[in-house]
$ cat entry39.cif   # mmCIF, C-alpha atoms
data_run
loop_
_atom_site.label_atom_id
_atom_site.label_comp_id
_atom_site.auth_asym_id
_atom_site.auth_seq_id
_atom_site.Cartn_x
_atom_site.Cartn_y
_atom_site.Cartn_z
CA MET A 1 -13.60 -1.26 -3.50
CA LYS A 2 -14.02 -4.78 -2.19
CA LYS A 3 -16.67 -5.75 0.34
CA LEU A 4 -16.08 -8.99 2.21
CA PRO A 5 -18.89 -11.40 3.17
CA GLY A 6 -20.45 -10.30 6.46
CA LEU A 7 -19.80 -13.42 8.54
CA PHE A 8 -17.56 -12.23 11.35
CA LEU A 9 -17.96 -9.02 13.32
CA LEU A 10 -17.15 -9.47 17.02
CA LEU A 11 -13.60 -8.41 17.66
CA PHE A 12 -11.17 -6.32 15.66
CA LEU A 13 -7.48 -6.21 16.33
CA PHE A 14 -5.30 -3.87 14.37
CA SER A 15 -1.73 -3.88 13.27
CA ILE A 16 0.15 -1.74 10.80
CA THR A 17 3.20 -3.02 9.00
CA SER A 18 5.44 -1.54 6.39
CA THR A 19 5.92 -3.83 3.40
CA PHE A 20 8.66 -1.71 1.89
CA ALA A 21 12.10 -2.50 3.27
CA GLN A 22 13.53 0.44 5.18
CA THR A 23 17.08 0.70 6.45
CA SER A 24 17.66 4.25 7.69
CA ASP A 25 16.72 5.51 11.15
CA SER A 26 15.01 8.54 9.59
CA ARG A 27 12.73 6.47 7.38
CA LYS A 28 11.96 4.12 10.27
CA GLU A 29 10.98 7.15 12.33
CA MET A 30 8.57 8.23 9.60
CA ASN A 31 7.03 4.75 9.42
CA GLN A 32 6.65 4.65 13.19
CA LEU A 33 4.78 7.94 13.08
CA LEU A 34 2.44 6.49 10.45
CA SER A 35 1.99 3.26 12.40
CA LYS A 36 1.02 5.07 15.59
CA ASN A 37 -1.54 7.29 13.93
CA LEU A 38 -3.19 5.42 11.05
CA LYS A 39 -6.57 3.98 12.07
CA TYR A 40 -8.92 1.64 10.25
CA PRO A 41 -12.12 3.75 9.89
CA THR A 42 -14.82 2.36 12.19
CA GLU A 43 -17.64 2.41 9.65
CA LEU A 44 -15.52 0.67 7.05
CA ARG A 45 -14.46 -1.96 9.59
CA GLN A 46 -18.08 -2.61 10.45
CA THR A 47 -19.01 -3.06 6.80
CA GLU A 48 -15.87 -5.20 6.30
CA THR A 49 -14.59 -2.96 3.52
CA GLU A 50 -11.04 -3.09 2.19
CA GLY A 51 -9.21 -0.66 -0.06
CA LEU A 52 -5.87 0.56 -1.40
CA VAL A 53 -4.94 4.24 -1.67
CA VAL A 54 -1.84 5.53 -3.49
CA VAL A 55 -1.05 9.22 -3.14
CA SER A 56 1.47 11.63 -4.60
CA ILE A 57 2.96 14.11 -2.12
CA ALA A 58 4.95 17.21 -3.04
CA MET A 59 8.22 18.52 -1.58
CA ASP A 60 9.40 22.11 -1.80
CA SER A 61 12.93 23.23 -2.64
CA ARG A 62 14.00 22.79 1.01
CA GLY A 63 12.78 19.20 1.23
CA ILE A 64 9.72 20.19 3.25
CA MET A 65 6.45 18.38 2.63
CA THR A 66 3.83 20.79 1.32
CA GLY A 67 0.10 20.51 1.93
CA ASP A 68 -0.49 19.38 -1.63
CA TYR A 69 -1.26 15.75 -2.35
CA GLU A 70 -3.11 13.87 -5.05
CA ILE A 71 -4.87 10.52 -4.89
CA LEU A 72 -3.55 8.63 -7.90
CA SER A 73 -5.35 5.35 -7.35
CA GLY A 74 -7.59 3.58 -4.91
CA ASP A 75 -10.67 3.71 -2.75
CA LEU A 76 -11.98 7.18 -1.94
CA ALA A 77 -13.80 5.76 1.10
CA PHE A 78 -10.43 5.81 2.91
CA GLU A 79 -9.51 9.32 1.75
CA GLU A 80 -10.47 11.04 5.01
CA GLU A 81 -8.21 8.81 7.11
CA VAL A 82 -5.32 9.08 4.66
CA SER A 83 -5.74 12.87 4.49
CA ARG A 84 -5.79 13.15 8.30
CA THR A 85 -2.61 11.12 8.58
CA LEU A 86 -0.84 13.05 5.81
CA ASN A 87 -1.66 16.34 7.55
CA LEU A 88 -0.15 14.97 10.75
CA LEU A 89 2.91 13.77 8.86
CA ARG A 90 3.32 17.20 7.27
CA GLU A 91 3.20 18.88 10.70
CA ASN A 92 5.97 16.57 11.93
CA TRP A 93 7.94 16.36 8.69
CA ASP A 94 11.73 16.18 8.66
CA PRO A 95 13.66 16.50 5.36
CA SER A 96 15.80 13.54 6.45
CA TYR A 97 12.77 11.32 5.73
CA LEU A 98 13.63 11.74 2.04
CA GLU A 99 16.82 9.72 2.58
CA GLY A 100 18.85 11.67 0.03
CA LYS A 101 16.08 11.95 -2.54
CA THR A 102 15.90 15.14 -4.60
CA TYR A 103 14.11 18.13 -3.11
CA GLY A 104 11.37 19.90 -5.06
CA GLU A 105 9.93 16.65 -6.45
CA GLU A 106 6.79 14.54 -5.98
CA TYR A 107 6.89 11.12 -4.31
CA LEU A 108 4.52 8.22 -3.74
CA MET A 109 3.02 6.68 -0.62
CA SER A 110 0.81 3.59 -0.58
CA PHE A 111 -1.80 2.77 2.09
CA ASP A 112 -3.41 -0.68 1.88
CA PHE A 113 -6.36 -1.31 4.23
CA LYS A 114 -6.82 -5.06 4.77
CA LEU A 115 -9.09 -7.22 6.92
CA SER A 116 -8.17 -10.68 8.17
CA LYS A 117 -9.95 -13.17 10.46
CA GLY A 118 -8.27 -14.26 13.67
CA ALA A 119 -4.63 -14.05 14.64
CA GLY A 120 -1.82 -14.49 12.21
CA PHE A 121 0.42 -12.61 9.85
CA PRO A 122 -0.90 -9.78 7.67
CA PRO A 123 -2.00 -10.92 4.22
CA ASN A 124 0.53 -10.63 1.41
CA PRO A 125 -0.54 -7.52 -0.56
CA PHE A 126 1.02 -9.00 -3.70
CA LEU A 127 -1.03 -12.22 -3.54
CA THR A 128 -4.51 -11.84 -4.95
CA SER A 129 -7.39 -14.24 -5.34
CA PHE A 130 -6.45 -14.56 -9.00
CA GLN A 131 -3.18 -16.23 -8.03
CA LYS A 132 -5.03 -18.84 -6.02
CA LYS A 133 -6.90 -20.18 -9.04
CA ALA A 134 -5.01 -22.96 -10.77
CA GLU A 135 -6.56 -22.14 -14.13
CA VAL A 136 -5.02 -18.65 -14.17
CA SER A 137 -1.45 -18.41 -15.46
CA PRO A 138 1.19 -16.62 -13.35
CA LEU A 139 1.47 -13.92 -16.03
CA ASP A 140 -2.28 -13.30 -16.06
CA ALA A 141 -2.35 -13.29 -12.26
CA VAL A 142 0.36 -10.67 -11.83
CA SER A 143 -1.08 -8.58 -14.68
CA GLN A 144 -4.45 -8.57 -12.93
CA ALA A 145 -2.75 -7.58 -9.67
CA LEU A 146 -1.05 -4.70 -11.51
CA ALA A 147 -4.40 -3.60 -12.91
CA GLU A 148 -5.57 -3.28 -9.30
CA ASN A 149 -2.35 -1.64 -8.09
CA PRO A 150 -0.33 -0.10 -10.95
CA PHE A 151 2.10 1.58 -8.54
CA SER A 152 3.76 -1.52 -7.04
CA PRO A 153 7.47 -1.92 -7.91
CA LYS A 154 7.47 -5.52 -6.68
CA LEU A 155 4.64 -6.51 -9.00
CA TYR A 156 6.47 -5.08 -12.00
CA LYS A 157 9.59 -7.00 -10.98
CA ASN A 158 7.57 -10.19 -10.61
CA ARG A 159 6.07 -9.78 -14.06
CA ALA A 160 9.45 -8.92 -15.58
CA GLU A 161 10.84 -12.21 -14.28
CA ILE A 162 7.93 -14.15 -15.78
CA LEU A 163 8.25 -12.34 -19.11
CA SER A 164 12.00 -12.96 -19.20
CA ASN A 165 11.48 -16.68 -18.57
CA GLU A 166 9.06 -16.74 -21.51
CA GLY A 167 11.59 -15.03 -23.77
CA LEU A 168 9.70 -11.73 -23.91
CA ASN A 169 12.79 -9.70 -23.12
CA LEU A 170 11.67 -6.29 -24.38
CA ARG A 171 8.51 -6.35 -22.27
CA ALA A 172 10.55 -7.60 -19.31
CA GLU A 173 12.98 -4.69 -19.68
CA MET A 174 10.09 -2.22 -19.83
CA ASP A 175 8.66 -3.62 -16.59
CA LEU A 176 12.06 -3.43 -14.89
CA ASN A 177 12.40 0.20 -15.95
CA GLN A 178 8.97 0.95 -14.52
CA ALA A 179 9.85 -0.86 -11.28
CA GLU A 180 13.04 1.18 -10.94
CA PHE A 181 11.15 4.43 -11.54
CA LEU A 182 8.52 3.57 -8.92
CA GLU A 183 11.14 2.47 -6.38
CA ASN A 184 12.87 5.83 -6.76
CA ARG A 185 9.56 7.63 -6.22
CA MET A 186 8.07 5.44 -3.47
CA LEU A 187 8.68 6.66 0.08
CA THR A 188 6.83 3.81 1.76
CA GLU A 189 4.15 1.17 1.32
CA VAL A 190 2.04 0.67 4.45
CA VAL A 191 -0.49 -2.06 5.17
CA ILE A 192 -3.17 -1.34 7.79
CA VAL A 193 -4.56 -4.70 8.91
CA GLY A 194 -7.73 -5.37 10.88
CA TYR A 195 -8.09 -8.89 12.28
CA LEU A 196 -11.54 -10.44 12.58
CA SER A 197 -12.31 -13.17 15.10
CA GLN A 198 -14.76 -15.88 14.11
CA GLY A 199 -18.17 -15.89 15.68
CA PRO A 200 -21.82 -15.01 15.08
CA LYS A 201 -22.67 -11.46 14.13
CA SER A 202 -24.17 -9.24 16.81
CA LEU A 203 -27.85 -8.44 16.37
#
$ encode --input "entry39.cif" --output "structure tokens"
Amino acid sequence: MKKLPGLFLLLFLFSITSTFAQTSDSRKEMNQLLSKNLKYPTELRQTETEGLVVVSIAMDSRGIMTGDYEILSGDLAFEEEVSRTLNLLRENWDPSYLEGKTYGEEYLMSFDFKLSKGAGFPPNPFLTSFQKKAEVSPLDAVSQALAENPFSPKLYKNRAEILSNEGLNLRAEMDLNQAEFLENRMLTEVVIVGYLSQGPKSL
């Protein structure tokens, strides 16, 4: 869990964006349902707390989402909001959301709660503070990002490209295999962004 410096706390604006490319109407409908209902928890906004939650959800043999889910990685402070939203999704579930994926399997969903000051675009979830330091190599930067989020297909692809360029082909192939596996299992990656406006803190 990361706690940001408490410098700005006047106005919060929220937006939710999907970072995982979706093409079908059914999957877009699922993401719209998530976007309309996910909220940044008030207490965590006030303490300027960020966190990532990755969950595994189960499907029955008819492609219906069951009530079973497991938090695989992330900040338990956001569990209540994620659980509330997953229960709502289950109540409104349509098997077409699986987009041809196999019934009776488990799939992944990622919820990334981010804070940002002022207006602008949501922060890139694949760009960490480690990448901003010139003394850190690209390979070390993406490896650190994977340590924080080991369920990101894009990060594995990024590292595979770096490894391939360095002639480490076996490791690159392993990362590509992991990226393919995660892409097949990932239903969506959602970023919940809270924007902070600059100004003095309220007393």
$ closest_atom_pairs --input "entry39.cif" --of "range 75-117 of chain A" --to "range 58-71 of chain A" --cutoff "8 Å" --atoms "all atoms listed in the file" --output "Markdown table"
| residue | atom | partner | partner_atom | distance |
| --- | --- | --- | --- | --- |
| A:Asn87 | CA | A:Gly67 | CA | 7.2 |
| A:Arg90 | CA | A:Met65 | CA | 5.7 |
| A:Trp93 | CA | A:Met65 | CA | 6.6 |
| A:Asp94 | CA | A:Ile64 | CA | 7.0 |
| A:Pro95 | CA | A:Gly63 | CA | 5.0 |
| A:Leu98 | CA | A:Gly63 | CA | 7.6 |
| A:Thr102 | CA | A:Gly63 | CA | 7.8 |
| A:Tyr103 | CA | A:Gly63 | CA | 4.7 |
| A:Gly104 | CA | A:Ser61 | CA | 4.4 |
| A:Glu105 | CA | A:Met59 | CA | 5.5 |
| A:Glu106 | CA | A:Ala58 | CA | 4.4 |
| A:Tyr107 | CA | A:Ala58 | CA | 6.5 |
$ closest_residue --input "entry39.cif" --among "A:Val142, A:Leu155, A:Ile192, A:Leu163" --to "Ala179 in chain A" --atoms "all atoms listed in the file"
A:Leu155
$ closest_residue --input "entry39.cif" --among "A:Leu34, A:Leu170, A:Val53, A:Gln46" --to "Leu72 in chain A" --atoms "only C-alpha atoms"
A:Val53
$ residues_around --input "entry39.cif" --residues "Asn177 in chain A" --least-positions-apart "3" --cutoff "12 Å" --atoms "all atoms listed in the file" --output "list in words"
Pro153, Lys154, Tyr156, Lys157, Arg159, Ala160, Leu170, Arg171, Ala172, Glu173, Met174, Glu180, Phe181, Leu182, Glu183 and Asn184 of chain A
$ closest_residue --input "entry39.cif" --among "A:Glu99, A:Glu166, A:Glu148, A:Glu79" --to "Met186 in chain A" --atoms "all atoms listed in the file"
A:Glu99
$ closest_residue --input "entry39.cif" --among "A:Leu76, A:Val191, A:Ala145, A:Leu139" --to "Ser35 in chain A" --atoms "all atoms listed in the file"
A:Val191
$ atom_distance --input "entry39.cif" --atom1 "CA of Phe78 in chain A" --atom2 "CA of Gln178 in chain A"
26.5 Å
$ atom_distance --input "entry39.cif" --atom1 "CA of Glu43 in chain A" --atom2 "CA of Leu88 in chain A"
21.6 Å
$ closest_residue --input "entry39.cif" --among "A:Ser137, A:Ser26, A:Ser110, A:Thr42" --to "Gly74 in chain A" --atoms "only C-alpha atoms"
A:Ser110
$ closest_residue --input "entry39.cif" --among "A:Thr47, A:Thr85, A:Ser152, A:Asn158" --to "Asp140 in chain A" --atoms "only C-alpha atoms"
A:Asn158
